[in-house]
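Dropping data.txt in here (compact mmCIF, C-alpha atoms):
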```txt
# COMPACT_ATOMS: atom_id res chain seq x y z
CA MET A 328 2.20 -7.19 -22.18
CA SER A 329 1.50 -3.45 -22.15
CA SER A 330 2.67 -1.20 -19.32
CA ARG A 331 -0.94 -0.76 -18.16
CA GLU A 332 -1.45 -4.55 -17.94
CA LEU A 333 1.88 -4.93 -16.12
CA LYS A 334 0.91 -2.26 -13.59
CA SER A 335 -2.48 -3.94 -13.11
CA ASP A 336 -0.79 -7.32 -12.46
CA LEU A 337 1.68 -5.80 -9.99
CA THR A 338 -1.26 -4.27 -8.11
CA ALA A 339 -2.98 -7.67 -8.14
CA VAL A 340 0.18 -9.27 -6.67
CA GLU A 341 0.14 -6.72 -3.82
CA ASN A 342 -3.57 -7.37 -3.23
CA LEU A 343 -3.03 -11.15 -3.14
CA HIS A 344 -0.11 -10.80 -0.70
CA ALA A 345 -2.30 -8.71 1.63
CA ALA A 346 -5.19 -11.21 1.28
CA TYR A 347 -2.83 -14.11 2.01
CA GLU A 348 -1.70 -12.52 5.28
CA GLN A 349 -5.34 -11.99 6.25
CA ILE A 350 -6.26 -15.58 5.30
CA ARG A 351 -3.51 -16.93 7.54
CA ARG A 352 -4.68 -14.76 10.43
CA GLU A 353 -8.26 -15.98 10.04
CA ILE A 354 -7.26 -19.65 9.80
CA SER A 355 -5.04 -19.30 12.90
CA LYS A 356 -8.17 -18.44 14.91
CA VAL A 357 -9.18 -22.09 14.51
CA ILE A 358 -6.02 -23.99 13.54
CA ILE A 359 -2.92 -23.75 15.73
CA GLY A 360 0.37 -24.18 13.83
CA GLN A 361 0.51 -26.10 10.51
CA GLN A 362 1.66 -22.94 8.68
CA LYS A 363 3.60 -24.92 6.07
CA VAL A 364 0.57 -27.12 5.33
CA ILE A 365 -1.68 -24.05 4.97
CA GLU A 366 0.84 -22.45 2.59
CA GLN A 367 0.99 -25.61 0.45
CA LEU A 368 -2.82 -25.91 0.30
CA LEU A 369 -3.21 -22.30 -0.87
CA ILE A 370 -0.40 -22.66 -3.43
CA ALA A 371 -2.13 -25.74 -4.90
CA LEU A 372 -5.53 -23.99 -4.95
CA LEU A 373 -4.19 -20.91 -6.75
CA SER A 374 -2.24 -23.14 -9.17
CA SER A 375 -5.48 -24.99 -10.08
CA GLY A 376 -4.00 -28.19 -8.63
CA HIS A 377 -5.18 -30.84 -6.15
CA CYS A 378 -3.61 -32.13 -2.93
CA LEU A 379 -3.05 -35.50 -1.32
CA LEU A 380 -2.80 -35.13 2.47
CA VAL A 381 -0.99 -37.83 4.41
CA GLY A 382 -1.14 -37.83 8.18
CA VAL A 383 -2.22 -39.92 11.14
CA PRO A 384 -5.80 -39.47 12.47
CA GLY A 385 -6.53 -36.62 14.86
CA LEU A 386 -4.40 -33.87 13.27
CA ALA A 387 -7.44 -31.71 12.36
CA LYS A 388 -7.17 -32.26 8.61
CA THR A 389 -10.94 -32.02 8.08
CA LEU A 390 -11.23 -28.96 10.33
CA LEU A 391 -8.38 -27.25 8.47
CA ILE A 392 -9.99 -27.81 5.06
CA SER A 393 -13.47 -26.71 6.16
CA THR A 394 -11.90 -23.59 7.75
CA VAL A 395 -10.08 -22.76 4.49
CA ALA A 396 -13.38 -23.15 2.61
CA SER A 397 -15.16 -20.79 5.05
CA VAL A 398 -12.46 -18.11 4.89
CA LEU A 399 -12.45 -18.26 1.07
CA ASN A 400 -16.27 -18.30 0.92
CA LEU A 401 -16.33 -21.56 -1.06
CA ARG A 402 -18.80 -24.46 -0.98
CA PHE A 403 -17.31 -27.46 0.83
CA ASN A 404 -18.33 -31.14 0.76
CA ARG A 405 -16.75 -34.08 2.58
CA ILE A 406 -17.01 -37.57 1.07
CA GLN A 407 -16.13 -40.49 3.33
CA PHE A 408 -14.64 -43.17 1.11
CA THR A 409 -15.64 -46.70 2.10
CA PRO A 410 -15.35 -50.12 0.37
CA ASP A 411 -19.04 -50.04 -0.67
CA LEU A 412 -19.01 -46.49 -2.10
CA MET A 413 -20.23 -46.41 -5.72
CA PRO A 414 -19.19 -43.92 -8.45
CA SER A 415 -22.75 -42.52 -8.55
CA ASP A 416 -22.47 -41.74 -4.81
CA ILE A 417 -19.81 -39.19 -5.81
CA THR A 418 -20.94 -37.85 -9.17
CA GLY A 419 -24.73 -38.11 -8.82
CA THR A 420 -27.52 -40.32 -10.13
CA GLU A 421 -30.58 -40.21 -12.38
CA LEU A 422 -33.99 -40.60 -10.78
CA ILE A 423 -37.31 -41.36 -12.48
CA GLU A 424 -39.70 -38.48 -11.82
CA GLU A 425 -43.34 -38.11 -12.78
CA ASP A 426 -44.67 -34.81 -14.12
CA HIS A 427 -47.92 -34.25 -12.18
CA ALA A 428 -49.31 -31.97 -14.90
CA THR A 429 -48.90 -34.40 -17.81
CA GLY A 430 -48.54 -37.72 -16.00
CA LYS A 431 -45.42 -38.49 -18.04
CA ARG A 432 -42.30 -39.95 -16.46
CA GLY A 433 -38.77 -38.80 -17.16
CA PHE A 434 -35.27 -38.91 -15.78
CA ARG A 435 -33.83 -36.13 -13.64
CA PHE A 436 -30.15 -35.93 -12.75
CA VAL A 437 -29.52 -35.34 -9.03
CA LYS A 438 -26.06 -33.87 -8.51
CA GLY A 439 -23.71 -35.68 -6.14
CA PRO A 440 -21.37 -34.20 -3.51
CA VAL A 441 -18.63 -33.62 -6.12
CA PHE A 442 -20.55 -30.50 -7.19
CA ALA A 443 -18.83 -28.12 -4.78
CA ASN A 444 -15.74 -25.89 -4.84
CA ILE A 445 -13.67 -27.81 -2.28
CA ILE A 446 -14.00 -31.60 -1.94
CA LEU A 447 -12.48 -33.55 0.92
CA ALA A 448 -12.07 -37.16 -0.23
CA ASP A 449 -11.53 -38.76 3.18
CA GLU A 450 -9.43 -41.96 3.11
CA ILE A 451 -9.49 -42.24 -0.68
CA ASN A 452 -7.53 -45.51 -0.52
CA ARG A 453 -10.43 -47.30 1.25
CA THR A 454 -12.57 -47.52 -1.89
CA PRO A 455 -12.07 -49.73 -5.00
CA PRO A 456 -10.32 -48.36 -8.12
CA LYS A 457 -13.59 -47.94 -10.06
CA THR A 458 -14.89 -45.44 -7.50
CA GLN A 459 -11.50 -43.74 -7.18
CA ALA A 460 -11.51 -43.26 -10.96
CA ALA A 461 -14.87 -41.43 -10.85
CA LEU A 462 -13.34 -38.72 -8.66
CA LEU A 463 -10.07 -38.61 -10.58
CA GLN A 464 -11.93 -38.07 -13.86
CA ALA A 465 -13.73 -35.10 -12.31
CA MET A 466 -10.37 -33.75 -11.08
CA GLN A 467 -8.85 -33.94 -14.54
CA GLU A 468 -11.76 -32.78 -16.70
CA HIS A 469 -13.66 -30.56 -14.19
CA GLU A 470 -16.85 -32.19 -15.48
CA VAL A 471 -19.07 -35.22 -14.88
CA THR A 472 -20.74 -37.37 -17.55
CA ALA A 473 -23.96 -39.24 -16.70
CA ALA A 474 -26.28 -41.00 -19.20
CA GLY A 475 -24.63 -39.23 -22.12
CA GLU A 476 -24.98 -35.75 -20.60
CA THR A 477 -21.98 -33.70 -19.49
CA TYR A 478 -22.26 -31.45 -16.45
CA LYS A 479 -19.62 -28.79 -15.72
CA LEU A 480 -18.35 -28.58 -12.15
CA ASP A 481 -18.32 -25.32 -10.22
CA GLU A 482 -15.12 -23.26 -10.44
CA PRO A 483 -12.77 -23.10 -8.69
CA PHE A 484 -12.68 -26.89 -8.16
CA PHE A 485 -10.19 -28.20 -5.64
CA VAL A 486 -9.86 -31.78 -4.34
CA LEU A 487 -8.05 -32.71 -1.15
CA ALA A 488 -7.73 -36.45 -0.62
CA THR A 489 -6.50 -37.95 2.64
CA GLN A 490 -4.68 -41.22 3.19
CA ASN A 491 -4.06 -42.86 6.54
CA PRO A 492 -0.41 -43.99 6.61
CA ILE A 493 -0.99 -46.47 9.47
CA GLU A 494 -3.84 -48.84 8.59
CA GLN A 495 -3.18 -50.54 5.26
CA GLU A 496 -5.44 -53.59 5.72
CA GLY A 497 -8.45 -53.52 3.40
CA THR A 498 -7.15 -50.57 1.36
CA TYR A 499 -6.69 -49.97 -2.36
CA PRO A 500 -3.54 -47.84 -2.80
CA LEU A 501 -3.72 -45.29 -5.61
CA PRO A 502 -1.71 -46.40 -8.67
CA GLU A 503 1.19 -44.17 -9.74
CA ALA A 504 -0.75 -42.90 -12.79
CA GLN A 505 -3.54 -41.68 -10.51
CA LEU A 506 -1.16 -40.26 -7.89
CA ASP A 507 0.30 -38.13 -10.69
CA ARG A 508 -3.03 -36.23 -10.89
CA PHE A 509 -2.28 -34.64 -7.51
CA MET A 510 -0.08 -31.56 -7.65
CA PHE A 511 1.16 -31.88 -4.04
CA ASP A 512 1.68 -34.69 -1.57
CA VAL A 513 1.32 -32.76 1.69
CA HIS A 514 2.57 -34.38 4.90
CA VAL A 515 0.68 -33.28 8.01
CA ASP A 516 3.05 -33.81 10.94
CA TYR A 517 2.46 -33.86 14.67
CA PRO A 518 2.34 -30.37 16.22
CA ALA A 519 5.29 -28.99 18.19
CA GLU A 520 5.04 -29.40 21.97
CA LYS A 521 4.15 -25.72 22.55
CA GLU A 522 1.47 -25.90 19.83
CA GLU A 523 0.06 -29.13 21.26
CA ARG A 524 -0.30 -27.54 24.71
CA GLU A 525 -2.18 -24.63 23.10
CA ILE A 526 -4.41 -27.05 21.13
CA VAL A 527 -5.34 -28.95 24.30
CA ARG A 528 -5.94 -25.71 26.22
CA THR A 529 -8.24 -24.16 23.59
CA THR A 530 -10.17 -27.26 22.50
CA THR A 531 -11.09 -28.30 26.05
CA ALA A 532 -12.59 -24.89 26.87
CA VAL A 533 -15.52 -22.93 25.45
CA GLN A 534 -14.57 -21.88 21.90
CA THR A 535 -15.90 -18.71 20.31
CA TYR A 536 -14.49 -17.42 17.05
CA GLU A 537 -15.93 -15.61 14.10
CA LEU A 538 -14.30 -16.13 10.73
CA GLN A 539 -14.14 -13.29 8.23
CA ARG A 540 -14.59 -14.06 4.54
CA VAL A 541 -11.44 -12.85 2.76
CA LEU A 542 -11.85 -13.89 -0.89
CA SER A 543 -14.68 -15.08 -3.14
CA ALA A 544 -14.79 -17.74 -5.86
CA ALA A 545 -14.52 -15.00 -8.52
CA ASP A 546 -11.43 -13.53 -6.79
CA ILE A 547 -9.74 -16.94 -6.70
CA ILE A 548 -10.41 -17.54 -10.42
CA GLN A 549 -8.82 -14.14 -11.20
CA PHE A 550 -5.77 -14.98 -9.06
CA GLN A 551 -5.47 -18.39 -10.78
CA GLN A 552 -5.27 -16.54 -14.10
CA LEU A 553 -2.73 -14.10 -12.59
CA VAL A 554 -0.45 -17.04 -11.67
CA ARG A 555 -0.31 -18.09 -15.34
CA ARG A 556 0.80 -14.57 -16.32
CA VAL A 557 3.68 -14.38 -13.83
CA PRO A 558 6.95 -14.19 -15.83
CA VAL A 559 9.57 -16.85 -15.21
CA SER A 560 13.15 -16.90 -16.52
CA ASP A 561 14.43 -19.56 -18.93
CA HIS A 562 17.16 -20.63 -16.49
CA LEU A 563 14.52 -21.34 -13.81
CA VAL A 564 12.54 -23.52 -16.24
CA GLU A 565 15.80 -25.30 -17.10
CA TYR A 566 16.54 -25.83 -13.37
CA ALA A 567 13.07 -27.35 -12.79
CA VAL A 568 13.40 -29.68 -15.78
CA ARG A 569 16.91 -30.80 -14.73
CA LEU A 570 15.67 -31.58 -11.20
CA VAL A 571 12.84 -33.74 -12.54
CA ARG A 572 15.01 -35.51 -15.12
CA ALA A 573 17.52 -36.27 -12.34
CA THR A 574 14.89 -38.56 -10.72
CA ARG A 575 14.86 -40.93 -13.73
CA PRO A 576 17.18 -43.96 -13.67
CA VAL A 577 16.83 -44.35 -17.47
CA GLU A 578 18.68 -41.08 -18.15
CA LYS A 579 22.21 -41.67 -19.48
CA ASP A 580 23.77 -39.32 -16.89
CA ALA A 581 21.64 -40.58 -13.96
CA ALA A 582 23.46 -40.63 -10.62
CA GLU A 583 24.41 -44.02 -9.16
CA PHE A 584 22.11 -43.56 -6.17
CA ILE A 585 19.19 -42.98 -8.56
CA LYS A 586 19.96 -46.16 -10.53
CA ASN A 587 20.24 -48.07 -7.26
CA TRP A 588 17.25 -46.69 -5.35
CA VAL A 589 14.68 -45.60 -7.96
CA ASN A 590 12.50 -47.81 -10.19
CA TRP A 591 10.55 -44.99 -11.83
CA GLY A 592 11.16 -41.24 -11.86
CA ALA A 593 8.84 -38.23 -12.15
CA GLY A 594 7.21 -37.27 -15.47
CA PRO A 595 6.87 -33.90 -17.24
CA ARG A 596 3.85 -32.97 -15.10
CA ALA A 597 6.26 -32.60 -12.16
CA SER A 598 8.22 -29.91 -14.05
CA GLN A 599 5.01 -28.04 -14.83
CA TYR A 600 3.90 -28.14 -11.20
CA LEU A 601 7.33 -27.02 -9.95
CA ILE A 602 7.07 -23.86 -12.08
CA LEU A 603 3.40 -23.21 -11.18
CA ALA A 604 4.12 -23.68 -7.46
CA ALA A 605 7.16 -21.38 -7.68
CA LYS A 606 5.11 -18.67 -9.42
CA THR A 607 2.32 -18.92 -6.84
CA ARG A 608 4.64 -18.90 -3.83
CA ALA A 609 6.39 -15.81 -5.19
CA ILE A 610 3.21 -13.75 -5.57
CA LEU A 611 1.87 -14.93 -2.20
CA ASP A 612 5.07 -13.47 -0.74
CA GLY A 613 4.49 -10.25 -2.73
CA ARG A 614 7.30 -10.89 -5.23
CA PRO A 615 6.61 -10.35 -8.96
CA THR A 616 8.68 -13.30 -10.17
CA PRO A 617 9.96 -16.57 -8.60
CA GLY A 618 13.52 -17.66 -7.82
CA PRO A 619 15.38 -20.97 -7.29
CA GLU A 620 14.38 -21.05 -3.59
CA ASP A 621 10.73 -21.38 -4.67
CA ILE A 622 11.58 -24.39 -6.86
CA ARG A 623 13.45 -26.02 -3.96
CA PHE A 624 10.49 -25.40 -1.63
CA ALA A 625 8.11 -27.11 -4.09
CA ALA A 626 10.45 -30.03 -4.86
CA TYR A 627 9.39 -32.18 -1.89
CA PRO A 628 5.57 -31.96 -2.15
CA VAL A 629 5.68 -32.15 -5.97
CA MET A 630 8.07 -35.10 -6.36
CA ARG A 631 7.76 -37.35 -3.30
CA HIS A 632 4.69 -39.20 -4.65
CA ARG A 633 6.10 -39.35 -8.19
CA VAL A 634 9.37 -41.13 -7.38
CA VAL A 635 8.90 -44.91 -7.07
CA THR A 636 11.64 -46.45 -4.94
CA SER A 637 13.18 -49.89 -5.46
CA PHE A 638 13.68 -52.83 -3.09
CA ASN A 639 17.28 -51.68 -2.67
CA ALA A 640 16.06 -48.37 -1.23
CA GLU A 641 13.78 -50.20 1.19
CA ALA A 642 16.62 -52.51 2.23
CA ASP A 643 18.91 -49.51 2.79
CA GLY A 644 16.22 -47.65 4.76
CA VAL A 645 16.05 -44.83 2.19
CA ASP A 646 12.79 -42.99 1.46
CA THR A 647 11.81 -40.51 -1.28
CA MET A 648 12.55 -37.52 0.99
CA GLU A 649 16.21 -38.59 1.24
CA ILE A 650 16.40 -39.14 -2.53
CA ILE A 651 14.95 -35.67 -3.27
CA ARG A 652 17.34 -34.10 -0.75
CA ARG A 653 20.29 -35.71 -2.54
CA ILE A 654 18.98 -34.54 -5.93
CA LEU A 655 18.70 -30.95 -4.66
CA ASP A 656 22.33 -31.18 -3.45
CA ALA A 657 23.53 -32.68 -6.74
CA VAL A 658 21.72 -30.49 -9.28
CA THR A 659 23.11 -26.97 -9.40
CA GLU A 660 21.03 -23.89 -10.15
```

Write the structure described by the file as structure tokens, please.
Amino acid sequence: MSSRELKSDLTAVENLHAAYEQIRREISKVIIGQQKVIEQLLIALLSSGHCLLVGVPGLAKTLLISTVASVLNLRFNRIQFTPDLMPSDITGTELIEEDHATGKRGFRFVKGPVFANIILADEINRTPPKTQAALLQAMQEHEVTAAGETYKLDEPFFVLATQNPIEQEGTYPLPEAQLDRFMFDVHVDYPAEKEEREIVRTTTAVQTYELQRVLSAADIIQFQQLVRRVPVSDHLVEYAVRLVRATRPVEKDAAEFIKNWVNWGAGPRASQYLILAAKTRAILDGRPTPGPEDIRFAAYPVMRHRVVTSFNAEADGVDTMEIIRRILDAVTE
């Protein structure tokens, strides 16, 4: 990289840091608290990843996502996943149309709601695997195929899928291979008491707020490319790989608690996402290169849906969060 390109990238890092602060201020006009969730959503978006949001109903997940879309000047669509939803309800369908001039009939593809920049897949585990797969294919390929024709999706393309952790009756949980397509598993917790008082106070009165558009789709695509150019040291890559390999019970030097509590560990995609998340978090903070603290921050949302626990873990009351915490303690930088 030439000195001119390096200077240009450093300026871009400063611009993104300033934009990030402004984005958070704009979102806080509508959303009270949830700063960690907002940070994780923006990291995933700038890393060209997708998010799975897990949280009980009523925590303003839909409002948060639509607010992010407004502030970033992106097209937003919400798809309510239900047991009778068909793949064509997501991707689009072909209609027979008659040309009034010639009288001839032909097929015309009508684009589905997946053709937007930000997609909220609400309660993705309420629809059968065939319909889930239609969205997951679009997430992976950023394109839709219908009747032999391939249609490119708008960029940037960002999917946020929600799962309700309470009601499991009549649901189709995402298989591990499909969960792996999501960069982050973001847990949306209850607000703090002070925040909840403020939420009740503001939402039960007349609300007036005007959101400012901070970035455009073109800006986000440029920042996504900037993330890929952020330098990262070899020892940080090694640290990320060792953390991920430490989740696998098949490794010869696997810890006893891993062999006892884990059936299946995280794959190489987790290592890639740890580095991408670390790079993005660094430049959002205005730093030109990431450090070990960025890897540790990303470890929970990147790995908690990629580590499959055993019956022993369930019997001992151990969840993936506890396993990741132990791995972070055990694996040195």

Sorted by chain and rising residue number, list the residues of segment 408-472 of chain A at most 10 Å from segment 359-382 of chain A (counting all atoms listed in the file), each with its closest atom pair and distance in Å to one decimal, as a Markdown table.
```
| residue | atom | partner | partner_atom | distance |
| --- | --- | --- | --- | --- |
| A:Ile445 | CA | A:Leu372 | CA | 9.4 |
| A:Ile446 | CA | A:His377 | CA | 9.8 |
| A:Leu447 | CA | A:Cys378 | CA | 9.8 |
| A:Ala448 | CA | A:Leu379 | CA | 9.2 |
| A:Asp449 | CA | A:Leu380 | CA | 9.5 |
| A:Glu450 | CA | A:Val381 | CA | 9.5 |
| A:Ile451 | CA | A:Leu379 | CA | 9.3 |
| A:Met466 | CA | A:His377 | CA | 7.7 |
| A:Gln467 | CA | A:Gly376 | CA | 9.6 |
```

(request) Would you mind telling me which residue in A:Phe442, A:Phe638, A:Phe436, A:Tyr517 lies nearest to Arg405 of chain A when using all atoms listed in the file? (result)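 Of the candidates, the smallest distance to Arg405 of chain A is held by A:Phe442.
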
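Within 12 Å of the point (19.0, -39.7, -0.4), counting all atoms listed in the file, the protein and nucleic acid residues come to Thr574, Ala582, Glu583, Phe584, Ile585, Asn587, Trp588, Val589, Arg631, Val634, Thr636, Ala640, Glu641, Asp643, Gly644, Val645, Asp646, Thr647, Met648, Glu649, Ile650, Ile651, Arg652, Arg653, Ile654, Leu655, Asp656 and Ala657 of chain A.
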
Only C-alpha atoms, please: the residues just picked out, written as a JSON list (two decimals), keeping the file's coordinate frame.
```json
[["chain", "number", "residue", "atom", "x", "y", "z"],
["A", 574, "THR", "CA", 14.89, -38.56, -10.72],
["A", 582, "ALA", "CA", 23.46, -40.63, -10.62],
["A", 583, "GLU", "CA", 24.41, -44.02, -9.16],
["A", 584, "PHE", "CA", 22.11, -43.56, -6.17],
["A", 585, "ILE", "CA", 19.19, -42.98, -8.56],
["A", 587, "ASN", "CA", 20.24, -48.07, -7.26],
["A", 588, "TRP", "CA", 17.25, -46.69, -5.35],
["A", 589, "VAL", "CA", 14.68, -45.60, -7.96],
["A", 631, "ARG", "CA", 7.76, -37.35, -3.30],
["A", 634, "VAL", "CA", 9.37, -41.13, -7.38],
["A", 636, "THR", "CA", 11.64, -46.45, -4.94],
["A", 640, "ALA", "CA", 16.06, -48.37, -1.23],
["A", 641, "GLU", "CA", 13.78, -50.20, 1.19],
["A", 643, "ASP", "CA", 18.91, -49.51, 2.79],
["A", 644, "GLY", "CA", 16.22, -47.65, 4.76],
["A", 645, "VAL", "CA", 16.05, -44.83, 2.19],
["A", 646, "ASP", "CA", 12.79, -42.99, 1.46],
["A", 647, "THR", "CA", 11.81, -40.51, -1.28],
["A", 648, "MET", "CA", 12.55, -37.52, 0.99],
["A", 649, "GLU", "CA", 16.21, -38.59, 1.24],
["A", 650, "ILE", "CA", 16.40, -39.14, -2.53],
["A", 651, "ILE", "CA", 14.95, -35.67, -3.27],
["A", 652, "ARG", "CA", 17.34, -34.10, -0.75],
["A", 653, "ARG", "CA", 20.29, -35.71, -2.54],
["A", 654, "ILE", "CA", 18.98, -34.54, -5.93],
["A", 655, "LEU", "CA", 18.70, -30.95, -4.66],
["A", 656, "ASP", "CA", 22.33, -31.18, -3.45],
["A", 657, "ALA", "CA", 23.53, -32.68, -6.74]]
```

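Among the candidate residues A:Ala604, A:Leu501, A:Val471, A:Leu412, the one lying nearest to Asn452 of chain A is A:Leu501, with distances computed using all atoms listed in the file.
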
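The residue that comes closest to Gly618 of chain A, out of A:Gly592, A:Pro502, A:Pro558, A:Pro518 and on the basis of only C-alpha atoms, is A:Pro558.
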
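Atom CA of Glu660 of chain A is positioned 11.8 Å from atom CA of Asp561 of chain A.
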
Atom pair atom CA of Val658 of chain A + atom CA of Val571 of chain A, distance 10.0 Å

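For the pair atom CA of Gly433 of chain A and atom CA of Ile406 of chain A, the separation is 28.4 Å.
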
Among A:Leu463, A:Ala473, A:Ala642, A:Ile423, Gly439 of chain A is approached most closely, using only C-alpha atoms, by A:Ala473

Between A:Ala339, A:Leu506, A:Val577, A:Val541, which residue has the minimum interatomic distance to Val398 of chain A, considering all atoms listed in the file?
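Closest to Val398 of chain A, using all atoms listed in the file: A:Val541.
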
inquiry  = For a quick check of understanding, using only C-alpha atoms, which of A:Arg614, A:Ile392, A:Gln490, A:Thr472 has the smallest distance to Asp512 of chain A?
reply    =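 The shortest atom-to-atom distance to Asp512 of chain A comes from A:Gln490.
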
Requested in this report: In the coordinates of the file, take the point (3.0, -38.1, -15.8) and a cut-off of 7 Å; then, counting all atoms listed in the file, name each qualifying protein, DNA or RNA residue as a list in words.
Outcome: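 Selection result: Ala504, Asp507, Ala593, Gly594, Pro595 and Arg596 of chain A.
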
Selection above as a file: C-alpha atoms, as a compact mmCIF listing (two decimals), in the frame of the given file:
```txt
# COMPACT_ATOMS: atom_id res chain seq x y z
CA ALA A 504 -0.75 -42.90 -12.79
CA ASP A 507 0.30 -38.13 -10.69
CA ALA A 593 8.84 -38.23 -12.15
CA GLY A 594 7.21 -37.27 -15.47
CA PRO A 595 6.87 -33.90 -17.24
CA ARG A 596 3.85 -32.97 -15.10
```

Residues near Leu422 of chain A, cut-off 8 Å, all atoms listed in the file, skip fewer than 5 positions along chain, as a PDB file with C-alpha atoms, in the coordinates of the input:
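out-v4.pdb written:
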```pdb
ATOM      1  CA  PHE A 434     -35.270 -38.910 -15.780  1.00  0.00           C
ATOM      2  CA  ARG A 435     -33.830 -36.130 -13.640  1.00  0.00           C
ATOM      3  CA  PHE A 436     -30.150 -35.930 -12.750  1.00  0.00           C
ATOM      4  CA  VAL A 437     -29.520 -35.340  -9.030  1.00  0.00           C
TER       5      VAL A 437
END
```
